[in-house]
Structure formats: structure tokens, C-alpha cells
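Student: I am sharing target39.txt, which consists of compact mmCIF, C-alpha atoms:
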```
# COMPACT_ATOMS: atom_id res chain seq x y z
CA MET A 822 74.33 96.05 121.21
CA LYS A 823 75.62 98.46 123.83
CA LYS A 824 74.99 102.15 123.31
CA LEU A 825 77.89 104.58 123.50
CA LEU A 826 77.05 107.90 125.09
CA PHE A 827 78.36 111.29 124.05
CA ASN A 828 77.04 114.01 126.33
CA GLY A 829 78.74 117.26 125.51
CA PHE A 830 82.09 117.44 127.20
CA LEU A 831 81.07 115.70 130.43
CA LEU A 832 81.81 112.02 129.96
CA SER A 833 80.30 109.44 132.29
CA SER A 834 82.00 106.35 133.60
CA PHE A 835 81.21 104.81 130.23
CA ALA A 836 83.56 107.28 128.59
CA ALA A 837 86.11 104.59 128.01
CA LEU A 838 83.87 103.62 125.12
CA LEU A 839 82.50 107.03 124.27
CA VAL A 840 82.65 109.15 121.22
CA ALA A 841 82.91 112.69 120.19
CA CYS A 842 84.17 114.28 117.10
CA SER A 843 86.98 116.66 116.39
CA ASP A 844 89.74 116.96 113.92
CA GLU A 845 92.82 118.35 112.54
CA THR A 846 94.81 121.13 110.95
CA ASP A 847 96.98 124.09 111.41
CA ALA A 848 98.55 127.06 109.73
CA PRO A 849 99.62 126.48 106.13
CA ALA A 850 103.15 125.39 105.43
CA ASP A 851 105.72 127.83 104.09
CA GLY A 852 104.78 128.88 100.60
CA GLU A 853 101.11 127.99 100.97
CA ALA A 854 98.51 130.59 100.20
CA GLN A 855 97.48 132.85 103.06
CA GLY A 856 93.77 133.29 102.68
CA ASN A 857 91.88 132.62 99.49
CA THR A 858 93.55 133.76 96.31
CA ASN A 859 92.22 130.98 94.11
CA SER A 860 88.46 131.32 94.31
CA SER A 861 87.01 132.77 91.15
CA GLY A 862 83.56 133.22 92.61
CA ASP A 863 81.88 130.89 90.12
CA ALA A 864 82.39 127.46 91.69
CA ILE A 865 78.76 126.41 91.29
CA SER A 866 78.81 127.08 87.55
CA ALA A 867 82.12 125.25 87.20
CA ILE A 868 80.79 122.19 89.04
CA GLN A 869 77.60 122.19 86.97
CA ASP A 870 79.57 122.51 83.73
CA ARG A 871 81.90 119.70 84.80
CA GLY A 872 78.94 117.56 85.84
CA GLU A 873 80.72 116.34 88.96
CA LEU A 874 81.56 117.57 92.45
CA ILE A 875 85.12 116.90 93.65
CA LEU A 876 85.13 116.21 97.39
CA GLY A 877 88.21 116.34 99.61
CA ALA A 878 87.59 113.40 101.94
CA GLY A 879 89.15 111.12 104.50
CA ASP A 880 89.73 107.42 103.91
CA GLN A 881 91.09 106.11 107.22
CA LEU A 882 88.35 106.89 109.74
CA PRO A 883 85.52 104.35 110.03
CA GLY A 884 82.16 106.01 110.48
CA PHE A 885 83.27 109.34 108.95
CA GLY A 886 85.37 108.72 105.85
CA TYR A 887 86.51 105.24 104.93
CA VAL A 888 87.00 102.93 101.95
CA GLY A 889 84.89 99.80 102.39
CA SER A 890 85.76 96.27 101.35
CA ASP A 891 84.06 96.92 98.01
CA GLY A 892 86.34 99.89 97.33
CA GLU A 893 83.57 102.44 97.83
CA PHE A 894 83.88 105.53 100.02
CA VAL A 895 81.47 105.41 102.95
CA GLY A 896 80.81 107.42 106.09
CA PHE A 897 79.13 110.42 107.69
CA ASP A 898 81.35 112.99 105.95
CA ILE A 899 81.05 111.14 102.65
CA GLU A 900 77.27 111.38 102.79
CA PHE A 901 77.41 115.13 103.38
CA GLY A 902 79.46 115.31 100.19
CA LYS A 903 76.59 113.52 98.48
CA VAL A 904 74.23 116.10 99.99
CA MET A 905 76.19 118.78 98.12
CA ALA A 906 76.15 116.83 94.85
CA ALA A 907 72.39 116.29 95.12
CA ALA A 908 71.85 120.02 95.73
CA ILE A 909 74.13 121.32 92.97
CA LEU A 910 73.75 118.62 90.31
CA GLY A 911 70.49 116.91 91.23
CA ASP A 912 72.35 113.60 91.56
CA ALA A 913 74.05 112.49 94.77
CA GLU A 914 76.27 110.05 92.85
CA LYS A 915 77.86 112.68 90.61
CA ILE A 916 80.83 113.02 92.90
CA GLU A 917 84.53 112.23 92.82
CA PHE A 918 86.29 111.48 96.10
CA ARG A 919 89.85 112.67 96.61
CA PRO A 920 91.37 111.10 99.75
CA LEU A 921 93.47 113.67 101.61
CA SER A 922 95.73 113.47 104.63
CA ALA A 923 95.51 116.07 107.36
CA GLN A 924 98.58 117.79 105.90
CA GLU A 925 97.31 117.77 102.31
CA ARG A 926 93.73 118.92 102.77
CA PHE A 927 94.08 122.71 102.92
CA THR A 928 96.53 122.93 100.03
CA ALA A 929 94.17 120.78 97.94
CA LEU A 930 91.34 123.22 98.60
CA GLN A 931 93.48 126.32 98.06
CA THR A 932 94.85 125.09 94.72
CA GLY A 933 91.46 123.99 93.40
CA GLU A 934 92.25 120.27 93.42
CA VAL A 935 88.97 119.80 95.31
CA ASP A 936 85.80 121.88 95.37
CA ILE A 937 84.90 121.37 99.01
CA LEU A 938 86.50 119.82 102.08
CA ILE A 939 84.41 117.51 104.25
CA ARG A 940 86.98 115.59 106.26
CA ASN A 941 86.36 115.76 110.03
CA THR A 942 87.93 119.21 110.08
CA THR A 943 87.66 121.49 113.10
CA TRP A 944 86.50 125.09 112.70
CA THR A 945 89.13 127.38 114.27
CA LEU A 946 89.96 131.08 113.99
CA ASN A 947 93.28 130.36 112.26
CA ARG A 948 91.67 128.22 109.59
CA ASP A 949 88.92 130.74 109.13
CA VAL A 950 91.21 133.77 108.82
CA GLU A 951 94.80 132.78 107.97
CA ILE A 952 94.10 129.75 105.80
CA GLY A 953 91.06 131.42 104.25
CA LEU A 954 88.30 128.85 104.75
CA ASN A 955 84.58 129.42 104.98
CA PHE A 956 82.99 126.84 107.28
CA GLY A 957 79.44 125.68 106.94
CA PRO A 958 77.16 124.55 109.76
CA THR A 959 78.76 122.25 112.29
CA THR A 960 77.68 118.71 111.46
CA PHE A 961 79.34 117.02 114.44
CA TYR A 962 80.33 118.40 117.85
CA ASP A 963 83.33 116.57 119.26
CA GLY A 964 86.24 116.88 121.68
CA GLN A 965 89.79 115.55 121.85
CA GLY A 966 90.44 112.41 123.88
CA MET A 967 93.23 110.02 124.81
CA MET A 968 93.61 106.23 124.41
CA ALA A 969 95.93 103.99 126.39
CA PRO A 970 96.29 100.22 127.00
CA SER A 971 93.97 98.91 129.69
CA ASP A 972 96.82 97.23 131.55
CA SER A 973 99.04 100.34 131.54
CA GLY A 974 97.62 101.77 134.75
CA ILE A 975 96.91 105.03 132.90
CA GLU A 976 93.55 106.36 134.11
CA SER A 977 94.01 110.13 133.78
CA LEU A 978 96.24 112.64 132.04
CA GLU A 979 98.34 112.91 135.21
CA ASP A 980 99.29 109.25 134.78
CA LEU A 981 101.01 110.16 131.48
CA GLU A 982 104.01 111.76 133.21
CA GLY A 983 107.06 110.87 131.10
CA ALA A 984 104.96 109.07 128.47
CA ARG A 985 105.47 109.03 124.71
CA ILE A 986 102.20 110.19 123.13
CA GLY A 987 101.38 109.83 119.44
CA VAL A 988 99.63 112.52 117.36
CA GLU A 989 98.95 112.91 113.65
CA GLN A 990 100.76 115.70 111.81
CA GLY A 991 98.76 118.61 110.44
CA THR A 992 96.12 118.50 113.17
CA THR A 993 94.99 120.60 116.12
CA THR A 994 95.69 117.73 118.48
CA GLU A 995 99.36 118.50 119.07
CA LEU A 996 98.72 122.05 120.30
CA ASN A 997 95.70 120.96 122.35
CA LEU A 998 97.81 118.24 123.97
CA ALA A 999 100.64 120.64 124.77
CA ASP A 1000 98.23 123.17 126.29
CA GLN A 1001 96.48 120.65 128.51
CA MET A 1002 99.68 118.99 129.74
CA SER A 1003 101.29 122.37 130.41
CA LYS A 1004 98.31 123.42 132.53
CA ARG A 1005 98.83 120.29 134.62
CA GLY A 1006 102.63 120.50 134.77
CA ILE A 1007 103.02 117.10 133.11
CA ASP A 1008 106.24 116.27 131.24
CA PHE A 1009 105.79 114.05 128.17
CA GLU A 1010 107.17 113.43 124.68
CA THR A 1011 105.16 114.10 121.53
CA VAL A 1012 105.71 111.62 118.70
CA THR A 1013 104.24 112.72 115.35
CA PHE A 1014 103.09 110.52 112.47
CA SER A 1015 102.23 111.36 108.88
CA ASP A 1016 98.92 109.49 108.94
CA GLN A 1017 96.65 107.70 111.35
CA ASP A 1018 97.41 104.20 110.11
CA SER A 1019 101.11 104.54 110.92
CA LEU A 1020 100.22 106.07 114.30
CA ILE A 1021 98.00 103.08 115.14
CA ALA A 1022 100.72 100.64 114.07
CA ALA A 1023 103.20 102.33 116.42
CA TYR A 1024 100.69 102.31 119.26
CA GLU A 1025 99.92 98.62 118.88
CA SER A 1026 103.62 97.75 118.69
CA GLY A 1027 104.27 99.58 121.98
CA THR A 1028 106.49 102.25 120.41
CA ILE A 1029 104.30 104.90 122.02
CA ASP A 1030 102.44 104.71 125.34
CA ALA A 1031 99.20 106.42 124.29
CA TRP A 1032 97.70 108.36 121.41
CA THR A 1033 95.32 111.26 121.07
CA THR A 1034 92.80 112.54 118.54
CA ASP A 1035 89.05 113.28 118.46
CA GLN A 1036 87.10 111.03 120.76
CA SER A 1037 84.90 109.94 117.90
CA ALA A 1038 88.00 108.84 116.00
CA LEU A 1039 89.29 106.96 119.04
CA VAL A 1040 86.02 105.07 119.29
CA SER A 1041 85.87 104.31 115.58
CA ARG A 1042 89.46 103.04 115.52
CA MET A 1043 89.07 100.94 118.65
CA ASP A 1044 87.15 98.28 116.75
CA THR A 1045 90.01 98.01 114.25
CA LEU A 1046 92.62 97.21 116.90
CA GLN A 1047 93.90 93.66 117.33
CA ASP A 1048 92.43 93.54 120.85
CA PRO A 1049 89.66 96.16 121.14
CA GLU A 1050 88.97 95.20 124.76
CA GLY A 1051 92.58 95.89 125.71
CA HIS A 1052 92.32 99.67 125.51
CA VAL A 1053 90.58 102.52 127.32
CA ILE A 1054 89.62 106.07 126.41
CA LEU A 1055 90.30 108.43 129.29
CA ASN A 1056 87.51 110.53 130.79
CA GLU A 1057 89.19 113.89 130.14
CA VAL A 1058 88.05 115.87 127.10
CA MET A 1059 90.84 118.25 126.08
CA SER A 1060 89.16 120.58 123.59
CA LYS A 1061 86.11 121.71 121.68
CA GLU A 1062 86.06 120.32 118.14
CA PRO A 1063 83.20 121.57 115.94
CA LEU A 1064 83.46 119.64 112.67
CA GLY A 1065 81.87 120.53 109.37
CA PRO A 1066 82.27 121.28 105.66
CA ALA A 1067 84.47 124.08 104.34
CA VAL A 1068 85.02 125.96 101.09
CA LEU A 1069 87.38 128.80 100.21
CA ASP A 1070 86.62 132.41 101.07
CA GLY A 1071 85.55 134.65 98.23
CA ASP A 1072 82.65 132.77 96.66
CA ASP A 1073 79.48 133.82 98.45
CA GLN A 1074 77.19 131.68 96.30
CA PHE A 1075 79.14 128.49 96.96
CA TYR A 1076 79.22 129.24 100.67
CA GLU A 1077 75.47 129.88 100.74
CA VAL A 1078 74.75 126.66 98.85
CA MET A 1079 76.95 124.70 101.28
CA TYR A 1080 75.27 126.39 104.24
CA TRP A 1081 71.66 125.83 103.17
CA ALA A 1082 72.20 122.36 101.72
CA THR A 1083 73.68 121.19 105.01
CA ASN A 1084 70.90 122.84 107.00
CA ALA A 1085 68.32 121.17 104.78
CA THR A 1086 69.18 117.83 106.39
CA ILE A 1087 68.62 119.31 109.86
CA GLN A 1088 65.40 121.09 108.92
CA ALA A 1089 64.03 117.94 107.30
CA GLU A 1090 64.55 116.02 110.53
CA GLU A 1091 62.71 118.75 112.44
CA PHE A 1092 59.82 118.54 109.96
CA GLY A 1093 59.78 114.74 110.26
CA ILE A 1094 60.62 114.37 106.56
CA THR A 1095 62.72 111.36 105.59
CA SER A 1096 63.91 109.75 102.37
CA GLU A 1097 61.06 107.24 102.76
CA ASN A 1098 58.18 109.69 103.26
CA VAL A 1099 59.30 112.85 101.45
CA ASP A 1100 56.95 112.24 98.51
CA ASP A 1101 54.00 112.25 100.91
CA PHE A 1102 54.77 115.88 101.74
CA LEU A 1103 54.65 117.17 98.16
CA ASP A 1104 50.95 117.97 98.46
CA THR A 1105 51.26 119.42 101.96
CA GLU A 1106 49.14 122.37 103.05
CA ASP A 1107 51.91 123.54 105.38
CA PRO A 1108 53.46 126.60 103.67
CA ASP A 1109 56.79 126.15 105.48
CA ILE A 1110 57.19 122.61 104.16
CA ALA A 1111 55.93 123.51 100.67
CA ARG A 1112 58.51 126.31 100.49
CA PHE A 1113 61.24 124.01 101.85
CA LEU A 1114 60.61 121.29 99.26
CA GLY A 1115 60.35 123.78 96.39
CA VAL A 1116 56.65 123.18 95.76
CA GLU A 1117 56.05 126.89 96.32
CA GLU A 1118 58.19 130.01 95.87
CA ASN A 1119 61.77 130.03 94.56
CA LEU A 1120 64.28 129.46 97.35
CA GLY A 1121 66.39 127.20 95.14
CA GLU A 1122 66.48 129.74 92.34
CA GLN A 1123 67.76 132.33 94.80
CA LEU A 1124 70.74 130.04 95.44
CA GLY A 1125 71.32 129.37 91.73
CA LEU A 1126 69.90 125.85 92.08
CA GLU A 1127 66.74 124.02 91.10
CA ASN A 1128 63.83 124.87 93.37
CA ASP A 1129 63.53 121.24 94.46
CA TYR A 1130 67.15 121.01 95.64
CA ALA A 1131 66.11 120.24 99.24
CA TYR A 1132 63.74 117.53 98.00
CA GLN A 1133 66.58 115.95 96.03
CA ILE A 1134 68.85 116.00 99.08
CA ILE A 1135 66.31 114.26 101.28
CA LYS A 1136 65.06 111.83 98.64
CA GLN A 1137 68.53 110.73 97.56
CA VAL A 1138 70.55 110.97 100.80
CA GLY A 1139 68.20 111.52 103.74
CA ASN A 1140 67.75 113.83 106.69
CA TYR A 1141 70.39 114.37 109.38
CA ALA A 1142 69.07 111.55 111.59
CA GLU A 1143 69.20 109.07 108.71
CA ILE A 1144 72.78 110.06 107.85
CA TYR A 1145 73.84 109.92 111.51
CA ASP A 1146 72.15 106.60 112.29
CA ARG A 1147 73.55 104.83 109.22
CA ASN A 1148 77.12 105.80 109.94
CA LEU A 1149 77.46 106.51 113.66
CA GLY A 1150 74.18 105.75 115.43
CA ALA A 1151 71.75 102.92 115.95
CA ASP A 1152 72.21 101.37 112.51
CA SER A 1153 76.02 101.39 112.70
CA PRO A 1154 78.54 99.26 114.61
CA PHE A 1155 79.15 102.24 116.94
CA ASN A 1156 75.57 102.87 118.14
CA LEU A 1157 76.52 106.34 119.36
CA ASP A 1158 74.02 108.41 121.27
CA ARG A 1159 73.31 111.76 119.60
CA GLY A 1160 74.21 113.90 122.64
CA LEU A 1161 75.11 117.42 121.52
CA ASN A 1162 74.44 116.31 117.96
CA ALA A 1163 70.71 116.05 118.59
CA LEU A 1164 68.19 118.65 117.45
CA TYR A 1165 67.75 121.64 119.75
CA LEU A 1166 64.24 120.32 120.41
CA ASP A 1167 65.85 117.24 121.98
CA GLY A 1168 68.47 119.07 124.03
CA GLY A 1169 71.19 119.16 121.38
CA LEU A 1170 72.84 121.97 119.42
CA LEU A 1171 71.50 121.34 115.91
CA TYR A 1172 69.35 124.26 114.80
CA SER A 1173 68.55 125.43 111.29
CA PRO A 1174 67.60 129.00 110.41
CA PRO A 1175 64.19 129.31 108.69
CA PHE A 1176 63.81 128.36 105.04
CA ARG A 1177 61.82 131.40 103.89
```
Show the structure stored in the file as C-alpha cells.

Tutor:
Amino acid sequence: MKKLLFNGFLLSSFAALLVACSDETDAPADGEAQGNTNSSGDAISAIQDRGELILGAGDQLPGFGYVGSDGEFVGFDIEFGKVMAAAILGDAEKIEFRPLSAQERFTALQTGEVDILIRNTTWTLNRDVEIGLNFGPTTFYDGQGMMAPSDSGIESLEDLEGARIGVEQGTTTELNLADQMSKRGIDFETVTFSDQDSLIAAYESGTIDAWTTDQSALVSRMDTLQDPEGHVILNEVMSKEPLGPAVLDGDDQFYEVMYWATNATIQAEEFGITSENVDDFLDTEDPDIARFLGVEENLGEQLGLENDYAYQIIKQVGNYAEIYDRNLGADSPFNLDRGLNALYLDGGLLYSPPFR
């Protein structure tokens, strides 16, 4: 199996089959809430009383959020939803998945239809301030790319002069595309689609000349095309796309639980703790690990959770490497190199604050 490399924003000659991860969104539509007016500040209690976490998820992006042949939601983002359920409820399976389009996702969070949004969503200032989201740790560092047919002669953005380029509505990709083409003085036509499936259908029919989204999404969708070998991903990376979970502003406890639950997967990898060996660490003499797993002290209680919440996350879902490898890495069809999504110890950007 060939390995796909993702090395920051410098793509090698293999970039035609590379990955990265970014996403979507923009300012709320007219009439949508500006900032958080719906958070009551007691989301954790409400979830625990309900006995189920409601996750706003994607269902059209293999590797991140997808509905498998058995009807089950699978993917990298889906598993981070299970991380939250394991932390809050002690059971990773106590979760309801609500599939959301790029246009629907922020309204669903603002109106309380979902508790948390984990749907390859990029952290931007507008979403942070105007839309009123609180983003957790970045779980995937990505960048926007471009796909075109191999026989089109398109090898760079400059070759897209006069082209019709498809983008999904409700995403950052349209503005990023306009900015990059303007810088280069390239004339083109933007063609917008309500969802990614309809965009792909138009691309394969030849209605549009190329399409753009996160590089990771381009790679994941390439395998679903009728002729995967008939397409290339250009070398240019058009943006920074830090992806991660988000909740509404105004509920500090929920934000802190999201933040530390996500970081628990990263810290576990640094400790060398996996779902397979976590029980072996319960009698550790290392005070950092004992505190992390809830054997000593009361870090979970400080968050309003059980003290073994990190243990439950790792036992039931796994550490970051396990989640990554199953869905995007060596154990997946994509076999993506970690790149920027490696631990800081390995030259990446993943770094957890201390659990103490």
C-alpha cells in the first residue's frame, strides 16, 4: 500500500495523492444568532440527565464522517464524538449522530439541536467571535487544495484561467479561492453546490472543470470517483485549516470538558498508553500517569466528571494515534502520513498541556 504524505503546507511531488484537512463555514445567515444566546451554562448536566450526547457530524466524507455500508457512522470526527461521550457519560456508545451540511451546522449548534459540533470545521476568527463558537484543541491540521482531471492539462492554479470551479456552500473554500486567484490575477467562475455529493456529480459529468476543498477531503473522495487514477490534486495549498471540535460560548464547564477530553487522547499517546495496555498502567508508580488515569487526585471531579474519565476515553476509544491510524493512517485505505498531525516529540504540532 502506498503511503500518502502530508508535510505541513509544503507538498512534494507526491502531492497529487496527498492529504491535509480543512473545512467549511462562514458568517451566519440573516436572522441567525450572533454569538451565543442559547447556552444555559449547564450542558454537562443536561447531557448526563438525558443519558446521551448529541453530536453534529458529517456523513459524506470518508475517513472523517461517513455512513458505512452497515448504516453506522464511522470516521475520525465520529470517534472524537465518542471520546466526549466516554468522558461525560462513561460510555462511548451513548451518542446520537445528527448529520449536518456545511450550511446547517452552526444553526444546529446555536439552537441546541446538537450539543457539540465535530464536523471537519475550521477554526476562524469569524466563527469564534461572530458566530459564537468555542473551539477545542485542533485535532487535524489541513489546507485547501484543488482537484482537476489528469488529462485536462491543469497543473497549477494559473492553468485555471477561465475555468469553472466547484465549491460547497457554507464553507471557507469560496473566500479562500477568491483570495488566491485574485492574488494571481486569474479570472474564473465559481459554481456553488449545496452539498459535496452534488458537487462531485457535477465534476464527474464535466459540468465544472475543477473543484476545491480541504486536501484531506480531496484525497478521501478520490477513491470514490469512477476513475480515481484519472484525477490529480494540485501542489498548491491555498490556506491554513485547523480542524477541531466546537461548542457554544458561555458554558465554561462544557468547554473545559471538551478541551481536556480531546487532549487526553494526545497525552495518552505521549505516555505510550493505548486501549490495549491501559489496564497495565493502573498500578503505575509514575505520579503523572496515576493522576492522568484518575488513580490519584481528583482531576475528573474538578471537571464535573468521574475521576477515571481519561481511562474510560482510552479504554473505550483509544489514544490519538489509534484514532488516526484506524481512520486516516496505516490501518485505513488512505495510509496518510501524520505530518503536522504528529506529536511535538516527532516533529508535529500536537501538544497537550499538563494533566495536574

Student: Which neighbours of range 897-910 of chain A fall inside 9 Å, counting all atoms listed in the file, when residues of the same chain fewer than 4 positions from it are skipped, and could you give them as a tab-separated table (two decimals) with C-alpha atoms, in the coordinates of the input?

Tutor:
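The resulting file, part.tsv, is reproduced below:
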```tsv
chain	number	residue	atom	x	y	z
A	865	ILE	CA	78.76	126.41	91.29
A	868	ILE	CA	80.79	122.19	89.04
A	869	GLN	CA	77.60	122.19	86.97
A	872	GLY	CA	78.94	117.56	85.84
A	873	GLU	CA	80.72	116.34	88.96
A	874	LEU	CA	81.56	117.57	92.45
A	875	ILE	CA	85.12	116.90	93.65
A	876	LEU	CA	85.13	116.21	97.39
A	877	GLY	CA	88.21	116.34	99.61
A	878	ALA	CA	87.59	113.40	101.94
A	879	GLY	CA	89.15	111.12	104.50
A	884	GLY	CA	82.16	106.01	110.48
A	885	PHE	CA	83.27	109.34	108.95
A	886	GLY	CA	85.37	108.72	105.85
A	887	TYR	CA	86.51	105.24	104.93
A	914	GLU	CA	76.27	110.05	92.85
A	915	LYS	CA	77.86	112.68	90.61
A	916	ILE	CA	80.83	113.02	92.90
A	918	PHE	CA	86.29	111.48	96.10
A	937	ILE	CA	84.90	121.37	99.01
A	938	LEU	CA	86.50	119.82	102.08
A	939	ILE	CA	84.41	117.51	104.25
A	940	ARG	CA	86.98	115.59	106.26
A	941	ASN	CA	86.36	115.76	110.03
A	960	THR	CA	77.68	118.71	111.46
A	1065	GLY	CA	81.87	120.53	109.37
A	1066	PRO	CA	82.27	121.28	105.66
A	1078	VAL	CA	74.75	126.66	98.85
A	1079	MET	CA	76.95	124.70	101.28
A	1082	ALA	CA	72.20	122.36	101.72
A	1083	THR	CA	73.68	121.19	105.01
A	1086	THR	CA	69.18	117.83	106.39
A	1125	GLY	CA	71.32	129.37	91.73
A	1126	LEU	CA	69.90	125.85	92.08
A	1127	GLU	CA	66.74	124.02	91.10
A	1129	ASP	CA	63.53	121.24	94.46
A	1130	TYR	CA	67.15	121.01	95.64
A	1131	ALA	CA	66.11	120.24	99.24
A	1132	TYR	CA	63.74	117.53	98.00
A	1133	GLN	CA	66.58	115.95	96.03
A	1134	ILE	CA	68.85	116.00	99.08
A	1135	ILE	CA	66.31	114.26	101.28
A	1137	GLN	CA	68.53	110.73	97.56
A	1138	VAL	CA	70.55	110.97	100.80
A	1139	GLY	CA	68.20	111.52	103.74
A	1144	ILE	CA	72.78	110.06	107.85
A	1145	TYR	CA	73.84	109.92	111.51
A	1147	ARG	CA	73.55	104.83	109.22
A	1148	ASN	CA	77.12	105.80	109.94
A	1149	LEU	CA	77.46	106.51	113.66
```

Student: Residues proximal to (101.7, 108.6, 111.7) were defined as those with any atom within 10 Å of that point in the file's coordinates, counting all atoms listed in the file. Which are they, as a PyMOL selection string?

Tutor: chain A and resi 987-990+1012-1024

Student: Would you compute the distance between CA of Ser977 in chain A and CA of Asp1008 in chain A? Give it in Å to one decimal.

Tutor: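 Between CA of Ser977 in chain A and CA of Asp1008 in chain A the gap is 13.9 Å.
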
Student: Which neighbours of range 1098-1104 of chain A fall inside 7 Å, counting all atoms listed in the file, when residues of the same chain fewer than 3 positions from it are skipped, and could you give them as a VMD selection string?

Tutor: chain A and resid 1094 to 1095 1111 1116 1136

Student: Determine the nearest neighbour of Glu925 in chain A from the options A:Pro1108, A:Gly991, A:Asn1084, A:Phe1155, counting all atoms listed in the file.

Tutor: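 Of A:Pro1108, A:Gly991, A:Asn1084, A:Phe1155, the one nearest Glu925 in chain A is A:Gly991, counting all atoms listed in the file.
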
Student: How many Å lie between CA of Leu1114 in chain A and CA of Phe1075 in chain A, rounded to one decimal?

Tutor: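 Between CA of Leu1114 in chain A and CA of Phe1075 in chain A the gap is 20.0 Å.
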
Student: Take range 1143-1164 of chain A, model N, CA and C atoms, and hand the result over as a PDB file, in the coordinates of the input.

Tutor:
```pdb
ATOM      1  N   GLU A1143      68.920 110.241 109.551  1.00  0.00           N
ATOM      2  CA  GLU A1143      69.200 109.070 108.710  1.00  0.00           C
ATOM      3  C   GLU A1143      70.698 108.946 108.442  1.00  0.00           C
ATOM      4  N   ILE A1144      71.343 110.069 108.123  1.00  0.00           N
ATOM      5  CA  ILE A1144      72.780 110.060 107.850  1.00  0.00           C
ATOM      6  C   ILE A1144      73.553 109.655 109.103  1.00  0.00           C
ATOM      7  N   TYR A1145      73.165 110.215 110.241  1.00  0.00           N
ATOM      8  CA  TYR A1145      73.840 109.920 111.510  1.00  0.00           C
ATOM      9  C   TYR A1145      73.660 108.446 111.877  1.00  0.00           C
ATOM     10  N   ASP A1146      72.420 107.974 111.841  1.00  0.00           N
ATOM     11  CA  ASP A1146      72.150 106.600 112.290  1.00  0.00           C
ATOM     12  C   ASP A1146      72.850 105.567 111.428  1.00  0.00           C
ATOM     13  N   ARG A1147      72.888 105.793 110.110  1.00  0.00           N
ATOM     14  CA  ARG A1147      73.550 104.830 109.220  1.00  0.00           C
ATOM     15  C   ARG A1147      75.029 104.682 109.516  1.00  0.00           C
ATOM     16  N   ASN A1148      75.666 105.790 109.851  1.00  0.00           N
ATOM     17  CA  ASN A1148      77.120 105.800 109.940  1.00  0.00           C
ATOM     18  C   ASN A1148      77.683 105.789 111.354  1.00  0.00           C
ATOM     19  N   LEU A1149      76.943 106.371 112.299  1.00  0.00           N
ATOM     20  CA  LEU A1149      77.460 106.510 113.660  1.00  0.00           C
ATOM     21  C   LEU A1149      76.489 106.022 114.736  1.00  0.00           C
ATOM     22  N   GLY A1150      75.191 106.015 114.428  1.00  0.00           N
ATOM     23  CA  GLY A1150      74.180 105.750 115.430  1.00  0.00           C
ATOM     24  C   GLY A1150      73.674 104.329 115.473  1.00  0.00           C
ATOM     25  N   ALA A1151      72.360 104.211 115.654  1.00  0.00           N
ATOM     26  CA  ALA A1151      71.750 102.920 115.950  1.00  0.00           C
ATOM     27  C   ALA A1151      71.923 101.883 114.855  1.00  0.00           C
ATOM     28  N   ASP A1152      72.079 102.324 113.617  1.00  0.00           N
ATOM     29  CA  ASP A1152      72.210 101.370 112.510  1.00  0.00           C
ATOM     30  C   ASP A1152      73.667 101.103 112.134  1.00  0.00           C
ATOM     31  N   SER A1153      74.590 101.569 112.954  1.00  0.00           N
ATOM     32  CA  SER A1153      76.020 101.390 112.700  1.00  0.00           C
ATOM     33  C   SER A1153      76.643 100.507 113.769  1.00  0.00           C
ATOM     34  N   PRO A1154      77.870 100.048 113.570  1.00  0.00           N
ATOM     35  CA  PRO A1154      78.540  99.260 114.610  1.00  0.00           C
ATOM     36  C   PRO A1154      78.807 100.056 115.883  1.00  0.00           C
ATOM     37  N   PHE A1155      78.782 101.406 115.807  1.00  0.00           N
ATOM     38  CA  PHE A1155      79.150 102.240 116.940  1.00  0.00           C
ATOM     39  C   PHE A1155      77.985 102.526 117.890  1.00  0.00           C
ATOM     40  N   ASN A1156      76.773 102.626 117.347  1.00  0.00           N
ATOM     41  CA  ASN A1156      75.570 102.870 118.140  1.00  0.00           C
ATOM     42  C   ASN A1156      75.748 104.059 119.082  1.00  0.00           C
ATOM     43  N   LEU A1157      76.230 105.163 118.550  1.00  0.00           N
ATOM     44  CA  LEU A1157      76.520 106.340 119.360  1.00  0.00           C
ATOM     45  C   LEU A1157      75.267 107.145 119.650  1.00  0.00           C
ATOM     46  N   ASP A1158      75.096 107.511 120.891  1.00  0.00           N
ATOM     47  CA  ASP A1158      74.020 108.410 121.270  1.00  0.00           C
ATOM     48  C   ASP A1158      74.243 109.778 120.625  1.00  0.00           C
ATOM     49  N   ARG A1159      73.182 110.471 120.286  1.00  0.00           N
ATOM     50  CA  ARG A1159      73.310 111.760 119.600  1.00  0.00           C
ATOM     51  C   ARG A1159      73.950 112.835 120.489  1.00  0.00           C
ATOM     52  N   GLY A1160      73.626 112.895 121.758  1.00  0.00           N
ATOM     53  CA  GLY A1160      74.210 113.900 122.640  1.00  0.00           C
ATOM     54  C   GLY A1160      74.050 115.313 122.114  1.00  0.00           C
ATOM     55  N   LEU A1161      75.152 116.059 122.032  1.00  0.00           N
ATOM     56  CA  LEU A1161      75.110 117.420 121.520  1.00  0.00           C
ATOM     57  C   LEU A1161      74.690 117.470 120.057  1.00  0.00           C
ATOM     58  N   ASN A1162      74.781 116.357 119.369  1.00  0.00           N
ATOM     59  CA  ASN A1162      74.440 116.310 117.960  1.00  0.00           C
ATOM     60  C   ASN A1162      72.976 115.979 117.710  1.00  0.00           C
ATOM     61  N   ALA A1163      72.163 116.170 118.730  1.00  0.00           N
ATOM     62  CA  ALA A1163      70.710 116.050 118.590  1.00  0.00           C
ATOM     63  C   ALA A1163      70.133 117.404 118.194  1.00  0.00           C
ATOM     64  N   LEU A1164      68.885 117.395 117.714  1.00  0.00           N
ATOM     65  CA  LEU A1164      68.190 118.650 117.450  1.00  0.00           C
ATOM     66  C   LEU A1164      68.046 119.456 118.732  1.00  0.00           C
TER      67      LEU A1164
END
```
